[in-house]
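A.B. asks: I have a structure I would like to understand better, so I am pasting it below and will then ask my questions one at a time.
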Amino acid sequence: MAVLARDEILKLVRSGAIKIRPFDESLVGAGSIDLHLGSTFRVFRKPSNIIHVEDRVDYKTSTTVVKLKKNEHIIIQPGELVHGVTEENITLPSSLSGRIEGRSRFARIGLLTHVSSGFMQPGSSGKIVLEIVNLSPMTMALHPGTKVCQVVLEEVKGRGSYKGKFAGQISP
């Protein structure tokens with residue numbers, strides 16, 4: 001399995017094998033594609049009870065969706081987790097998987113853009129949900145449209161097609 005380089009990524013996007021909407025060729029780096037933060041977030045309600053970590057847990061019972069208007073931002077306090085979503089909708093062929101990685105400029109100020117589920121299954125399609133955490137001692141303001149993460153694409157040995165619970169997601 002190999003990481004795809006810029007020329008291979010562009011070839012696959014141009015052929016339609018990889019679909020990214022919206023797409024800007026200038027966002028393709030040597031071995032990744034920068035992705036923008038969207039304007040929809042899922043925030044946690046103030047603690048009022050215990051969340052039992054079991055297979056049947058439902059994140060929707062302890063969170064609220066917030067949609068920002070143009071030029072708005074969302075505040076994230078030290079230690080706080082919010083779910084965001086990319087502006088881009090990505091469709092991968094069954095021969096490719098992806099890994100979401102943070103950008104070093106934001107990691108250096110204590111912002112993690114995905115905590116635990118940065119894997120894109122082969123054949124998946126949708127916006128990427130980001131688990132964003134502020135590990136700094138300072139309050140941060142997240143602005144939609146910021147190039148907040150990147151996706152690294154890898155060849156898959158064999159073929160796969162994701163059909164799980166979050167297939168086709170468009171919001172966090």
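Convention: chains lettered A, B, ... in structure tokens order; per-chain residue numbering from 1; ligands numbered from 1 as shown.
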Hey, what does DSSP flag as alpha helix (DSSP H) within chain A? Can you give it to me as an MDAnalysis selection string?

C.D. replies: chainID A and resid 6:15 104:107

A.B. asks: Which residues of segment 98-141 of chain A come within 10 Å of segment 24-32 of chain A, and for each one, what is the closest pair of atoms and their distance in Å to one decimal, counting only C-alpha atoms, sorted by chain and residue number, as CSV?

C.D. replies:
```
residue,atom,partner,partner_atom,distance
A:Gly98,CA,A:Ser32,CA,9.6
A:Arg99,CA,A:Ser32,CA,9.5
A:Ile100,CA,A:Ser32,CA,9.4
A:Glu101,CA,A:Ser32,CA,9.2
```

A.B. asks: How close does each residue of segment 65-156 of chain A get to segment 13-16 of chain A, giving the shortest atom pair and distance in Å to one decimal for every residue with an atom at most 12 Å away, counting only C-alpha atoms, sorted by chain and residue number, as a Markdown table?

C.D. replies:
```
| residue | atom | partner | partner_atom | distance |
| --- | --- | --- | --- | --- |
| A:Ile90 | CA | A:Val13 | CA | 10.5 |
| A:Thr91 | CA | A:Gly16 | CA | 9.6 |
| A:Leu92 | CA | A:Gly16 | CA | 9.8 |
| A:Pro93 | CA | A:Gly16 | CA | 9.5 |
| A:Leu153 | CA | A:Val13 | CA | 11.9 |
```

A.B. asks: Neighbours of Gly118 of chain A within 10 Å (only C-alpha atoms; same-chain residues fewer than 2 positions away dropped), as a VMD selection string?

C.D. replies: chain A and resid 98 to 102 113 to 116 120 to 121 128 to 131 151

A.B. asks: Need the shell around segment 55-72 of chain A: protein/DNA/RNA residues with any atom at most 10 Å away, counting only C-alpha atoms. Skip same-chain ones fewer than 6 positions apart. Format as number ranges by chain?

C.D. replies: A: 38-49, 82-84, 141-145, 171-172

A.B. asks: Output C-alpha atoms of each residue in that selection to a file, as a PDB file, in the first residue's frame.

C.D. replies:
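Output saved as result-v9.pdb:
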```pdb
ATOM      1  CA  GLY A  38     -17.316  23.913   7.108  1.00  0.00           C
ATOM      2  CA  SER A  39     -19.897  26.001   8.951  1.00  0.00           C
ATOM      3  CA  THR A  40     -21.818  23.264  10.795  1.00  0.00           C
ATOM      4  CA  PHE A  41     -20.717  22.085  14.228  1.00  0.00           C
ATOM      5  CA  ARG A  42     -21.971  19.702  16.873  1.00  0.00           C
ATOM      6  CA  VAL A  43     -21.338  20.966  20.394  1.00  0.00           C
ATOM      7  CA  PHE A  44     -21.779  19.213  23.711  1.00  0.00           C
ATOM      8  CA  ARG A  45     -24.483  20.361  26.073  1.00  0.00           C
ATOM      9  CA  LYS A  46     -23.450  21.226  29.595  1.00  0.00           C
ATOM     10  CA  PRO A  47     -23.059  18.048  31.686  1.00  0.00           C
ATOM     11  CA  SER A  48     -26.269  16.997  33.385  1.00  0.00           C
ATOM     12  CA  ASN A  49     -25.879  13.243  33.464  1.00  0.00           C
ATOM     13  CA  VAL A  82     -16.566  20.055  19.144  1.00  0.00           C
ATOM     14  CA  HIS A  83     -17.424  18.137  16.018  1.00  0.00           C
ATOM     15  CA  GLY A  84     -16.963  20.014  12.776  1.00  0.00           C
ATOM     16  CA  ALA A 141     -12.185  30.912  17.603  1.00  0.00           C
ATOM     17  CA  LEU A 142     -12.768  28.502  14.698  1.00  0.00           C
ATOM     18  CA  HIS A 143     -13.541  30.164  11.371  1.00  0.00           C
ATOM     19  CA  PRO A 144     -15.333  28.283   8.569  1.00  0.00           C
ATOM     20  CA  GLY A 145     -13.327  28.259   5.343  1.00  0.00           C
ATOM     21  CA  SER A 171     -23.155  17.029   8.935  1.00  0.00           C
ATOM     22  CA  PRO A 172     -21.341  16.297  12.180  1.00  0.00           C
TER      23      PRO A 172
END
```

A.B. asks: What are the DSSP strand (DSSP E) residues of chain A, as an MDAnalysis selection string?

C.D. replies: chainID A and resid 19:21 33:36 40:44 63:67 74:76 81:91 96:102 111:112 119:120 125:134 140:142 147:155

A.B. asks: With distances taken over only C-alpha atoms, which of A:Asp7, A:Glu54, A:Asp34, A:Glu80 is nearest to Pro22 of chain A?

C.D. replies: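 That would be A:Asp34, the residue with the smallest distance to Pro22 of chain A.
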
A.B. asks: Do you have the atom CA of Ala107 of chain A-atom CA of Leu135 of chain A distance handy?

C.D. replies: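 Between atom CA of Ala107 of chain A and atom CA of Leu135 of chain A the gap is 9.1 Å.
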
A.B. asks: Given only C-alpha atoms as the basis, pick out the residue of A:Met138, A:Val3, A:Ile51, A:Ile18 nearest to Ser125 of chain A.

C.D. replies: A:Ile18

A.B. asks: My list of candidates is A:Cys149, A:Val85, A:Ala2, A:Leu10. Which is closest to Arg105 of chain A when distances are computed with only C-alpha atoms?

C.D. replies: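 Of A:Cys149, A:Val85, A:Ala2, A:Leu10, the one nearest Arg105 of chain A is A:Cys149, counting only C-alpha atoms.
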
A.B. asks: Which residue gives the smallest distance to Glu88 of chain A among A:Lys127, A:Leu112, A:Ser136, A:Glu8, with only C-alpha atoms counted?

C.D. replies: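 Counting only C-alpha atoms, the residue closest to Glu88 of chain A is A:Lys127.
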
A.B. asks: Choose the residue, out of A:Ile76, A:Leu81, A:Ile33, A:Val148, that has the smallest atom-to-atom separation from Arg6 of chain A; count only C-alpha atoms.

C.D. replies: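 Nearest to Arg6 of chain A: A:Ile33.
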
A.B. asks: One decimal, Å: what's the distance from atom CA of Glu154 of chain A over to atom CA of Phe106 of chain A, could you say?

C.D. replies: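 Distance between the two atoms: 23.8 Å.
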
A.B. asks: Can you tell me how far atom CA of Val133 of chain A sits from atom CA of Ile20 of chain A, in Å to one decimal?

C.D. replies: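 Here the two named atoms are 25.5 Å from each other.
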